[in-house]
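Trainee: So here's data-v9.txt (compact mmCIF, C-alpha atoms).
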# COMPACT_ATOMS: atom_id res chain seq x y z
CA GLN A 1 25.86 15.77 6.77
CA VAL A 2 26.90 16.59 3.19
CA LEU A 3 30.42 16.88 1.81
CA ASP A 4 30.34 17.67 -1.90
CA LEU A 5 33.79 18.05 -3.48
CA TYR A 6 32.76 16.83 -6.92
CA ASN A 7 34.70 18.19 -9.90
CA ASN A 8 37.64 19.65 -7.95
CA VAL A 9 40.41 18.12 -10.03
CA LEU A 10 43.14 20.09 -8.25
CA LEU A 11 42.08 18.79 -4.83
CA VAL A 12 44.80 16.29 -3.91
CA ASN A 13 44.65 13.93 -0.92
CA GLU A 14 46.88 10.88 -1.17
CA GLY A 15 47.26 7.60 0.67
CA ASP A 16 46.47 6.98 4.33
CA GLU A 17 47.72 10.43 5.30
CA GLY A 18 45.26 12.13 2.96
CA ASN A 19 42.26 9.90 3.57
CA TRP A 20 42.26 8.69 7.19
CA TRP A 21 40.13 11.61 8.38
CA LEU A 22 37.18 10.42 6.28
CA ALA A 23 36.50 7.78 8.95
CA MET A 24 35.84 10.58 11.46
CA LEU A 25 32.91 11.99 9.49
CA THR A 26 30.45 9.53 11.02
CA ASN A 27 27.39 11.78 10.55
CA LEU A 28 27.86 12.08 6.79
CA VAL A 29 24.83 11.24 4.68
CA GLU A 30 26.24 12.33 1.30
CA LEU A 31 29.89 12.15 0.20
CA ARG A 32 30.88 13.19 -3.33
CA LEU A 33 34.55 12.78 -4.23
CA GLY A 34 34.05 12.12 -7.94
CA LEU A 35 36.33 13.88 -10.42
CA THR A 36 38.85 14.84 -7.76
CA ALA A 37 42.50 13.94 -7.22
CA PHE A 38 41.76 12.04 -4.02
CA ALA A 39 44.16 9.12 -4.38
CA TYR A 40 44.51 5.70 -2.77
CA GLU A 41 45.54 2.23 -3.91
CA GLY A 42 42.00 1.03 -4.37
CA VAL A 43 39.01 2.11 -2.30
CA PRO A 44 39.98 3.54 1.12
CA PRO A 45 38.74 1.22 3.89
CA TYR A 46 37.85 4.31 5.94
CA LEU A 47 34.69 4.74 3.89
CA GLY A 48 33.31 1.58 5.47
CA SER A 49 32.98 3.42 8.81
CA LEU A 50 30.40 5.91 7.51
CA THR A 51 27.34 3.96 8.63
CA LYS A 52 24.86 6.81 7.97
CA LEU A 53 25.97 7.25 4.38
CA GLU A 54 23.17 7.26 1.81
CA GLN A 55 25.02 8.63 -1.23
CA LEU A 56 28.63 7.92 -2.19
CA ASP A 57 30.37 9.05 -5.38
CA ILE A 58 34.02 8.11 -5.96
CA SER A 59 33.83 8.02 -9.76
CA LEU A 60 36.67 9.35 -11.92
CA SER A 61 38.90 9.76 -8.88
CA PHE A 62 42.34 8.32 -8.21
CA TYR A 63 40.98 5.55 -6.02
CA GLN A 64 42.57 3.17 -8.49
CA ASN A 65 44.90 0.24 -9.13
CA GLY A 66 44.11 -1.42 -5.84
CA PRO A 67 41.49 -3.58 -4.12
CA ILE A 68 37.92 -2.98 -3.08
CA PRO A 69 38.12 -4.06 0.60
CA HIS A 70 36.11 -7.21 1.18
CA GLY A 71 34.01 -5.85 4.05
CA ILE A 72 33.70 -2.23 2.99
CA PHE A 73 29.92 -2.40 2.45
CA ASP A 74 29.10 -4.53 5.50
CA LYS A 75 28.01 -1.57 7.64
CA LEU A 76 26.65 0.68 4.88
CA SER A 77 23.08 -0.55 5.07
CA ASN A 78 21.67 2.96 4.45
CA LEU A 79 23.42 3.36 1.10
CA ARG A 80 20.96 4.25 -1.68
CA TYR A 81 23.27 5.70 -4.36
CA LEU A 82 26.75 4.38 -5.25
CA ASP A 83 28.92 5.62 -8.12
CA MET A 84 32.22 3.78 -8.67
CA ALA A 85 32.48 4.45 -12.41
CA SER A 86 35.63 4.84 -14.51
CA ASN A 87 38.12 3.60 -11.92
CA VAL A 88 40.51 0.63 -12.08
CA TYR A 89 40.12 -2.08 -9.43
CA THR A 90 42.37 -5.10 -8.85
CA THR A 91 39.61 -7.14 -7.22
CA THR A 92 36.03 -7.95 -8.05
CA LEU A 93 33.07 -6.43 -6.22
CA PRO A 94 32.47 -7.81 -2.71
CA SER A 95 29.48 -10.14 -2.57
CA SER A 96 28.00 -7.96 0.17
CA ILE A 97 27.08 -5.32 -2.43
CA SER A 98 24.18 -7.52 -3.54
CA ARG A 99 22.82 -7.57 0.00
CA LEU A 100 22.66 -3.81 0.58
CA PRO A 101 18.99 -3.47 1.53
CA ASN A 102 18.44 0.10 0.31
CA LEU A 103 20.76 0.35 -2.72
CA GLN A 104 18.70 1.76 -5.60
CA TYR A 105 21.26 3.35 -7.93
CA LEU A 106 24.57 1.71 -8.85
CA TYR A 107 26.99 3.02 -11.48
CA LEU A 108 30.04 1.03 -12.60
CA ASP A 109 30.19 2.27 -16.19
CA TYR A 110 33.68 2.05 -17.69
CA ALA A 111 35.10 0.56 -14.51
CA SER A 112 37.99 -1.82 -15.12
CA PHE A 113 38.62 -4.99 -13.14
CA THR A 114 42.20 -6.12 -13.66
CA GLY A 115 42.38 -8.96 -11.13
CA LYS A 116 39.90 -11.82 -11.03
CA ALA A 117 37.33 -11.60 -13.82
CA GLN A 118 34.12 -9.76 -12.90
CA SER A 119 30.75 -11.20 -13.89
CA LEU A 120 27.19 -9.93 -13.51
CA ASP A 121 26.62 -12.20 -10.51
CA PHE A 122 26.94 -9.21 -8.19
CA MET A 123 23.42 -8.14 -9.25
CA VAL A 124 21.75 -11.38 -8.18
CA GLY A 125 19.49 -10.85 -5.19
CA MET A 126 19.64 -7.05 -5.07
CA PRO A 127 16.44 -6.22 -3.14
CA SER A 128 15.86 -2.57 -4.11
CA ILE A 129 17.87 -1.82 -7.26
CA ILE A 130 16.20 0.63 -9.68
CA GLU A 131 19.06 1.66 -11.96
CA CYS A 132 22.29 -0.22 -12.67
CA TRP A 133 24.70 0.93 -15.36
CA VAL A 134 27.74 -1.20 -16.11
CA ASP A 135 28.26 -0.20 -19.75
CA GLY A 136 31.86 -0.24 -20.95
CA ALA A 137 33.10 -2.25 -17.98
CA ASN A 138 35.04 -5.43 -18.71
CA LEU A 139 32.78 -8.30 -17.73
CA VAL A 140 32.88 -12.03 -18.43
CA GLY A 141 30.22 -14.69 -18.66
CA SER A 142 26.54 -14.55 -19.43
CA ILE A 143 23.45 -12.81 -18.07
CA PRO A 144 22.31 -14.67 -14.93
CA THR A 145 18.75 -15.92 -15.14
CA GLU A 146 18.20 -14.60 -11.60
CA ILE A 147 18.28 -11.02 -12.88
CA GLY A 148 14.74 -11.68 -13.99
CA ASP A 149 13.78 -11.67 -10.30
CA LEU A 150 14.79 -8.02 -9.82
CA SER A 151 11.25 -6.68 -9.85
CA THR A 152 12.34 -3.12 -8.95
CA LEU A 153 14.80 -2.76 -11.88
CA VAL A 154 13.78 0.08 -14.21
CA SER A 155 16.97 1.10 -16.03
CA TRP A 156 19.76 -1.35 -16.91
CA SER A 157 22.79 -0.80 -19.13
CA VAL A 158 25.32 -3.54 -19.92
CA GLU A 159 26.26 -2.50 -23.46
CA ARG A 160 29.84 -3.13 -24.68
CA THR A 161 30.81 -5.25 -21.68
CA GLY A 162 31.80 -8.51 -23.42
CA LEU A 163 28.81 -10.54 -22.24
CA SER A 164 28.14 -13.79 -24.08
CA GLY A 165 25.48 -16.52 -24.06
CA THR A 166 21.78 -16.14 -24.68
CA ILE A 167 19.29 -13.56 -23.43
CA PRO A 168 17.45 -15.36 -20.59
CA THR A 169 13.72 -15.82 -21.01
CA GLU A 170 13.45 -14.80 -17.35
CA LEU A 171 14.06 -11.15 -18.30
CA GLY A 172 10.43 -11.11 -19.33
CA LYS A 173 9.57 -10.97 -15.63
CA LEU A 174 11.12 -7.50 -15.27
CA SER A 175 7.74 -5.81 -15.05
CA SER A 176 9.17 -2.41 -14.07
CA MET A 177 11.77 -2.28 -16.86
CA ARG A 178 11.70 0.86 -18.98
CA LYS A 179 15.26 1.19 -20.35
CA MET A 180 17.49 -1.75 -21.26
CA TRP A 181 20.76 -1.50 -23.18
CA LEU A 182 22.23 -4.87 -24.25
CA GLY A 183 24.03 -3.70 -27.41
CA GLY A 184 27.62 -4.28 -28.43
CA ASN A 185 28.13 -7.66 -26.78
CA SER A 186 28.46 -11.26 -28.01
CA LEU A 187 24.96 -12.42 -27.14
CA THR A 188 23.63 -15.27 -29.27
CA GLY A 189 20.39 -17.07 -30.01
CA THR A 190 16.93 -15.63 -30.47
CA ILE A 191 14.95 -13.07 -28.48
CA SER A 192 12.29 -14.82 -26.44
CA GLU A 193 8.58 -14.13 -26.72
CA THR A 194 8.63 -13.58 -22.95
CA LEU A 195 10.20 -10.16 -23.48
CA GLY A 196 6.87 -9.11 -24.91
CA SER A 197 5.77 -8.85 -21.29
CA LEU A 198 7.88 -5.70 -20.89
CA THR A 199 4.93 -3.41 -21.45
CA GLU A 200 6.57 -0.30 -19.98
CA ILE A 201 9.64 -0.36 -22.22
CA GLU A 202 10.88 3.00 -23.59
CA ILE A 203 14.40 2.10 -24.72
CA VAL A 204 15.74 -1.32 -25.71
CA GLN A 205 18.98 -2.02 -27.57
CA PHE A 206 19.85 -5.39 -29.10
CA HIS A 207 22.16 -4.29 -31.93
CA GLY A 208 25.84 -5.24 -32.17
CA ASN A 209 25.35 -8.82 -30.99
CA ARG A 210 25.19 -12.23 -32.69
CA LEU A 211 21.45 -12.70 -32.39
CA ASP A 212 19.22 -14.15 -35.09
CA GLY A 213 15.56 -14.81 -35.78
CA ALA A 214 13.03 -12.05 -35.32
CA ILE A 215 11.92 -9.56 -32.71
CA PRO A 216 8.81 -11.08 -31.10
CA VAL A 217 5.57 -9.63 -32.40
CA SER A 218 4.50 -9.08 -28.79
CA MET A 219 7.44 -6.69 -28.29
CA CYS A 220 6.49 -4.72 -31.40
CA LEU A 221 2.95 -4.42 -30.11
CA ASN A 222 4.34 -2.60 -27.06
CA ILE A 223 5.69 0.21 -29.23
CA SER A 224 4.03 3.45 -28.17
CA PRO A 225 4.69 7.21 -28.26
CA ALA A 226 6.75 6.69 -25.10
CA THR A 227 9.18 4.41 -26.95
CA GLN A 228 12.33 6.42 -27.62
CA GLU A 229 14.66 3.80 -29.07
CA PHE A 230 14.35 0.20 -30.25
CA THR A 231 17.39 -1.25 -32.02
CA ALA A 232 18.60 -4.53 -33.50
CA ASP A 233 20.82 -5.74 -36.34
CA CYS A 234 17.90 -5.43 -38.73
CA THR A 235 19.63 -4.22 -41.89
CA VAL A 236 19.52 -7.04 -44.46
CA THR A 237 23.29 -6.69 -44.95
CA ASP A 238 24.02 -7.31 -41.26
CA ILE A 239 25.93 -10.56 -40.73
CA ASN A 240 23.61 -11.51 -37.88
CA PHE A 241 20.29 -10.37 -39.29
CA VAL A 242 17.34 -9.96 -36.93
CA GLU A 243 13.99 -9.25 -38.50
CA CYS A 244 12.51 -6.21 -36.78
CA PRO A 245 9.68 -4.32 -38.49
CA CYS A 246 9.24 -2.02 -35.49
CA CYS A 247 12.86 -0.99 -34.82
CA THR A 248 13.71 2.70 -34.81
CA CYS A 249 17.33 2.03 -35.81
CA CYS A 250 19.21 -0.87 -37.42
CA GLY A 251 22.78 -2.14 -37.08
CA ASN A 252 25.89 0.03 -37.20
CA SER A 253 23.89 3.21 -37.73
CA CYS A 254 22.59 3.02 -34.14
What would you get if you wrote out this structure as structure tokens?

Mentor:
Amino acid sequence: QVLDLYNNVLLVNEGDEGNWWLAMLTNLVELRLGLTAFAYEGVPPYLGSLTKLEQLDISLSFYQNGPIPHGIFDKLSNLRYLDMASNVYTTTLPSSISRLPNLQYLYLDYASFTGKAQSLDFMVGMPSIIECWVDGANLVGSIPTEIGDLSTLVSWSVERTGLSGTIPTELGKLSSMRKMWLGGNSLTGTISETLGSLTEIEIVQFHGNRLDGAIPVSMCLNISPATQEFTADCTVTDINFVECPCCTCCGNSC
């Protein structure tokens, strides 16, 4: 039920000849091929046959420079953990990824999408997501307001992804949120008072954007011993100065 080949960089399996047999492992629950030399032009379609799969890691592999098959997630309804980080894909994520009923942990950090531009729309409607890290990936567009409906989301990283637009007021509905990294983008406008509703927050990063105004007093009131990091461009010399009397770190020093 478990095949863990993680961190075997000399393990080489290429193309259809080296990957077809994966489709035969229909009882697999966990498959870890991250940091191996398994190679295919994109994500092998054979993985879509593993209907019992709960954990899949293909990060830092040579599943690169090709498509993510449109229907690859259609039968993977048991998937809880998916790591596709640090690979290069020529297509965007299939829309079916947002409908995976049990997906709780998704990692796309430093993934590169070289075909059609990838936005954050793939997160809209995720029913069970707890942690989603997309930091360093090349994204376009703004933060969808619908992300505020992801009541299970606890940890979310989209720093240095190229996001623009304002921070939606709807993010204040993320009642489970503890860690949120929004730094290093091109976000504009002010930070809404609604984010003061994030009473469980431990880490929040706003620095490296084009925000202005002040951190809401209600957010500062949530600062507690559990708060590990709270950042903004709050040095008076910052071009986009944000007043933040409760920040633990300001501007480029973060």

Trainee: What's around Glu202 (chain A) at 12 Å? Count all atoms listed in the file, leave out sequence neighbours fewer than 5 positions away in its own chain, and write the answer as a PyMOL selection string.

Mentor: chain A and resi 154-156+176-181+219-220+222-231+248

Trainee: Looking at A:Gln104, A:Gln118, A:Asn240, A:Thr92, which one is nearest to Pro67 (chain A), with distances taken over only C-alpha atoms?

Mentor: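 Result for the nearest residue to Pro67 (chain A): A:Thr92.
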
Trainee: Restricting the calculation to all atoms listed in the file: of A:Gly162, A:Asp212, A:Gly148, A:Cys249, which residue gets closest to Thr194 (chain A)?

Mentor: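 Among the listed residues, the smallest separation from Thr194 (chain A) belongs to A:Gly148.
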
Trainee: In terms of the shortest atom-to-atom distance over all atoms listed in the file, which of A:Thr26, A:Gly165, A:Val88, A:Gly34 is closest to Lys75 (chain A)?

Mentor: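 Closest to Lys75 (chain A) of all the choices is A:Thr26.
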
Trainee: Could you check the closest approach to Thr237 (chain A) for each of A:Leu198, A:Leu31, A:Cys250, A:Ala23 and tell me which residue wins, using all atoms listed in the file?

Mentor: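 Under the stated criterion, the closest residue is A:Cys250.
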
Trainee: Pick out the closest residue to Tyr63 (chain A) from this set: A:Leu50, A:Met24, A:Ala111, A:Val2. Count only C-alpha atoms.

Mentor: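 Checking each candidate against Tyr63 (chain A), we get A:Ala111 as the closest.
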
Trainee: With distances taken over all atoms listed in the file, which residue among A:Thr90, A:Ser192, A:Gln55, A:Val29 lies nearest Glu41 (chain A)?

Mentor: A:Thr90

Trainee: What does the structure give for the distance between CA of Pro168 (chain A) and CA of Gly141 (chain A), in Å to one decimal?

Mentor: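 So the answer is 12.9 Å.
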
Trainee: Using Å and a single decimal, report how far CA of Trp133 (chain A) sits from CA of Phe241 (chain A).

Mentor: 26.8 Å

Trainee: Grab the CA of Gly251 (chain A) to CA of Glu170 (chain A) distance for me, in Å with one decimal place.

Mentor: 25.2 Å

Trainee: Please, could all heavy atoms be added to region 115-126 of chain A and the result written as a PDB file, in the frame of the given file?

Mentor:
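Final output, saved to part.pdb:
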ATOM      1  N   GLY A 115      42.013  -7.741 -11.840  1.00  0.00           N
ATOM      2  CA  GLY A 115      42.380  -8.960 -11.130  1.00  0.00           C
ATOM      3  C   GLY A 115      41.511 -10.105 -11.602  1.00  0.00           C
ATOM      4  O   GLY A 115      41.430 -10.401 -12.794  1.00  0.00           O
ATOM      5  N   LYS A 116      40.822 -10.752 -10.689  1.00  0.00           N
ATOM      6  CA  LYS A 116      39.900 -11.820 -11.030  1.00  0.00           C
ATOM      7  C   LYS A 116      38.769 -11.272 -11.889  1.00  0.00           C
ATOM      8  O   LYS A 116      38.281 -10.172 -11.665  1.00  0.00           O
ATOM      9  CB  LYS A 116      39.333 -12.443  -9.747  1.00  0.00           C
ATOM     10  CG  LYS A 116      38.424 -13.635  -9.979  1.00  0.00           C
ATOM     11  CD  LYS A 116      37.930 -14.194  -8.661  1.00  0.00           C
ATOM     12  CE  LYS A 116      36.973 -15.354  -8.891  1.00  0.00           C
ATOM     13  NZ  LYS A 116      36.457 -15.905  -7.608  1.00  0.00           N
ATOM     14  N   ALA A 117      38.347 -12.061 -12.877  1.00  0.00           N
ATOM     15  CA  ALA A 117      37.330 -11.600 -13.820  1.00  0.00           C
ATOM     16  C   ALA A 117      36.012 -11.307 -13.106  1.00  0.00           C
ATOM     17  O   ALA A 117      35.563 -12.054 -12.246  1.00  0.00           O
ATOM     18  CB  ALA A 117      37.117 -12.653 -14.894  1.00  0.00           C
ATOM     19  N   GLN A 118      35.382 -10.191 -13.497  1.00  0.00           N
ATOM     20  CA  GLN A 118      34.120  -9.760 -12.900  1.00  0.00           C
ATOM     21  C   GLN A 118      32.952 -10.196 -13.784  1.00  0.00           C
ATOM     22  O   GLN A 118      32.945  -9.968 -14.993  1.00  0.00           O
ATOM     23  CB  GLN A 118      34.106  -8.235 -12.753  1.00  0.00           C
ATOM     24  CG  GLN A 118      32.805  -7.665 -12.221  1.00  0.00           C
ATOM     25  CD  GLN A 118      32.562  -8.046 -10.767  1.00  0.00           C
ATOM     26  OE1 GLN A 118      33.364  -7.748  -9.897  1.00  0.00           O
ATOM     27  NE2 GLN A 118      31.465  -8.715 -10.518  1.00  0.00           N
ATOM     28  N   SER A 119      31.957 -10.810 -13.170  1.00  0.00           N
ATOM     29  CA  SER A 119      30.750 -11.200 -13.890  1.00  0.00           C
ATOM     30  C   SER A 119      29.584 -10.343 -13.412  1.00  0.00           C
ATOM     31  O   SER A 119      29.740  -9.456 -12.567  1.00  0.00           O
ATOM     32  CB  SER A 119      30.437 -12.683 -13.642  1.00  0.00           C
ATOM     33  OG  SER A 119      30.010 -12.873 -12.297  1.00  0.00           O
ATOM     34  N   LEU A 120      28.398 -10.642 -13.925  1.00  0.00           N
ATOM     35  CA  LEU A 120      27.190  -9.930 -13.510  1.00  0.00           C
ATOM     36  C   LEU A 120      26.557 -10.548 -12.257  1.00  0.00           C
ATOM     37  O   LEU A 120      25.492 -10.100 -11.827  1.00  0.00           O
ATOM     38  CB  LEU A 120      26.157  -9.936 -14.635  1.00  0.00           C
ATOM     39  CG  LEU A 120      26.147  -8.747 -15.597  1.00  0.00           C
ATOM     40  CD1 LEU A 120      25.051  -8.932 -16.634  1.00  0.00           C
ATOM     41  CD2 LEU A 120      25.963  -7.419 -14.872  1.00  0.00           C
ATOM     42  N   ASP A 121      27.199 -11.530 -11.674  1.00  0.00           N
ATOM     43  CA  ASP A 121      26.620 -12.200 -10.510  1.00  0.00           C
ATOM     44  C   ASP A 121      26.389 -11.264  -9.331  1.00  0.00           C
ATOM     45  O   ASP A 121      25.560 -11.555  -8.458  1.00  0.00           O
ATOM     46  CB  ASP A 121      27.517 -13.354 -10.058  1.00  0.00           C
ATOM     47  CG  ASP A 121      27.466 -14.531 -11.022  1.00  0.00           C
ATOM     48  OD1 ASP A 121      26.588 -14.537 -11.898  1.00  0.00           O
ATOM     49  OD2 ASP A 121      28.320 -15.434 -10.899  1.00  0.00           O
ATOM     50  N   PHE A 122      27.106 -10.142  -9.304  1.00  0.00           N
ATOM     51  CA  PHE A 122      26.940  -9.210  -8.190  1.00  0.00           C
ATOM     52  C   PHE A 122      25.521  -8.631  -8.132  1.00  0.00           C
ATOM     53  O   PHE A 122      25.094  -8.130  -7.087  1.00  0.00           O
ATOM     54  CB  PHE A 122      27.952  -8.063  -8.278  1.00  0.00           C
ATOM     55  CG  PHE A 122      27.702  -7.080  -9.387  1.00  0.00           C
ATOM     56  CD1 PHE A 122      26.878  -5.978  -9.195  1.00  0.00           C
ATOM     57  CD2 PHE A 122      28.285  -7.267 -10.631  1.00  0.00           C
ATOM     58  CE1 PHE A 122      26.646  -5.079 -10.219  1.00  0.00           C
ATOM     59  CE2 PHE A 122      28.063  -6.375 -11.658  1.00  0.00           C
ATOM     60  CZ  PHE A 122      27.230  -5.286 -11.454  1.00  0.00           C
ATOM     61  N   MET A 123      24.778  -8.694  -9.233  1.00  0.00           N
ATOM     62  CA  MET A 123      23.420  -8.140  -9.250  1.00  0.00           C
ATOM     63  C   MET A 123      22.380  -9.103  -8.662  1.00  0.00           C
ATOM     64  O   MET A 123      21.287  -8.671  -8.277  1.00  0.00           O
ATOM     65  CB  MET A 123      23.012  -7.800 -10.687  1.00  0.00           C
ATOM     66  CG  MET A 123      23.712  -6.597 -11.289  1.00  0.00           C
ATOM     67  SD  MET A 123      22.958  -6.124 -12.875  1.00  0.00           S
ATOM     68  CE  MET A 123      21.346  -5.550 -12.329  1.00  0.00           C
ATOM     69  N   VAL A 124      22.723 -10.372  -8.607  1.00  0.00           N
ATOM     70  CA  VAL A 124      21.750 -11.380  -8.180  1.00  0.00           C
ATOM     71  C   VAL A 124      21.319 -11.130  -6.731  1.00  0.00           C
ATOM     72  O   VAL A 124      22.153 -11.017  -5.831  1.00  0.00           O
ATOM     73  CB  VAL A 124      22.339 -12.796  -8.316  1.00  0.00           C
ATOM     74  CG1 VAL A 124      21.382 -13.837  -7.717  1.00  0.00           C
ATOM     75  CG2 VAL A 124      22.631 -13.105  -9.776  1.00  0.00           C
ATOM     76  N   GLY A 125      20.032 -11.012  -6.531  1.00  0.00           N
ATOM     77  CA  GLY A 125      19.490 -10.850  -5.190  1.00  0.00           C
ATOM     78  C   GLY A 125      19.378  -9.423  -4.698  1.00  0.00           C
ATOM     79  O   GLY A 125      18.953  -9.199  -3.559  1.00  0.00           O
ATOM     80  N   MET A 126      19.753  -8.436  -5.513  1.00  0.00           N
ATOM     81  CA  MET A 126      19.640  -7.050  -5.070  1.00  0.00           C
ATOM     82  C   MET A 126      18.170  -6.729  -4.760  1.00  0.00           C
ATOM     83  O   MET A 126      17.326  -6.792  -5.655  1.00  0.00           O
ATOM     84  CB  MET A 126      20.181  -6.089  -6.127  1.00  0.00           C
ATOM     85  CG  MET A 126      21.689  -6.076  -6.207  1.00  0.00           C
ATOM     86  SD  MET A 126      22.296  -4.822  -7.368  1.00  0.00           S
ATOM     87  CE  MET A 126      23.987  -4.668  -6.800  1.00  0.00           C
TER      88      MET A 126
END
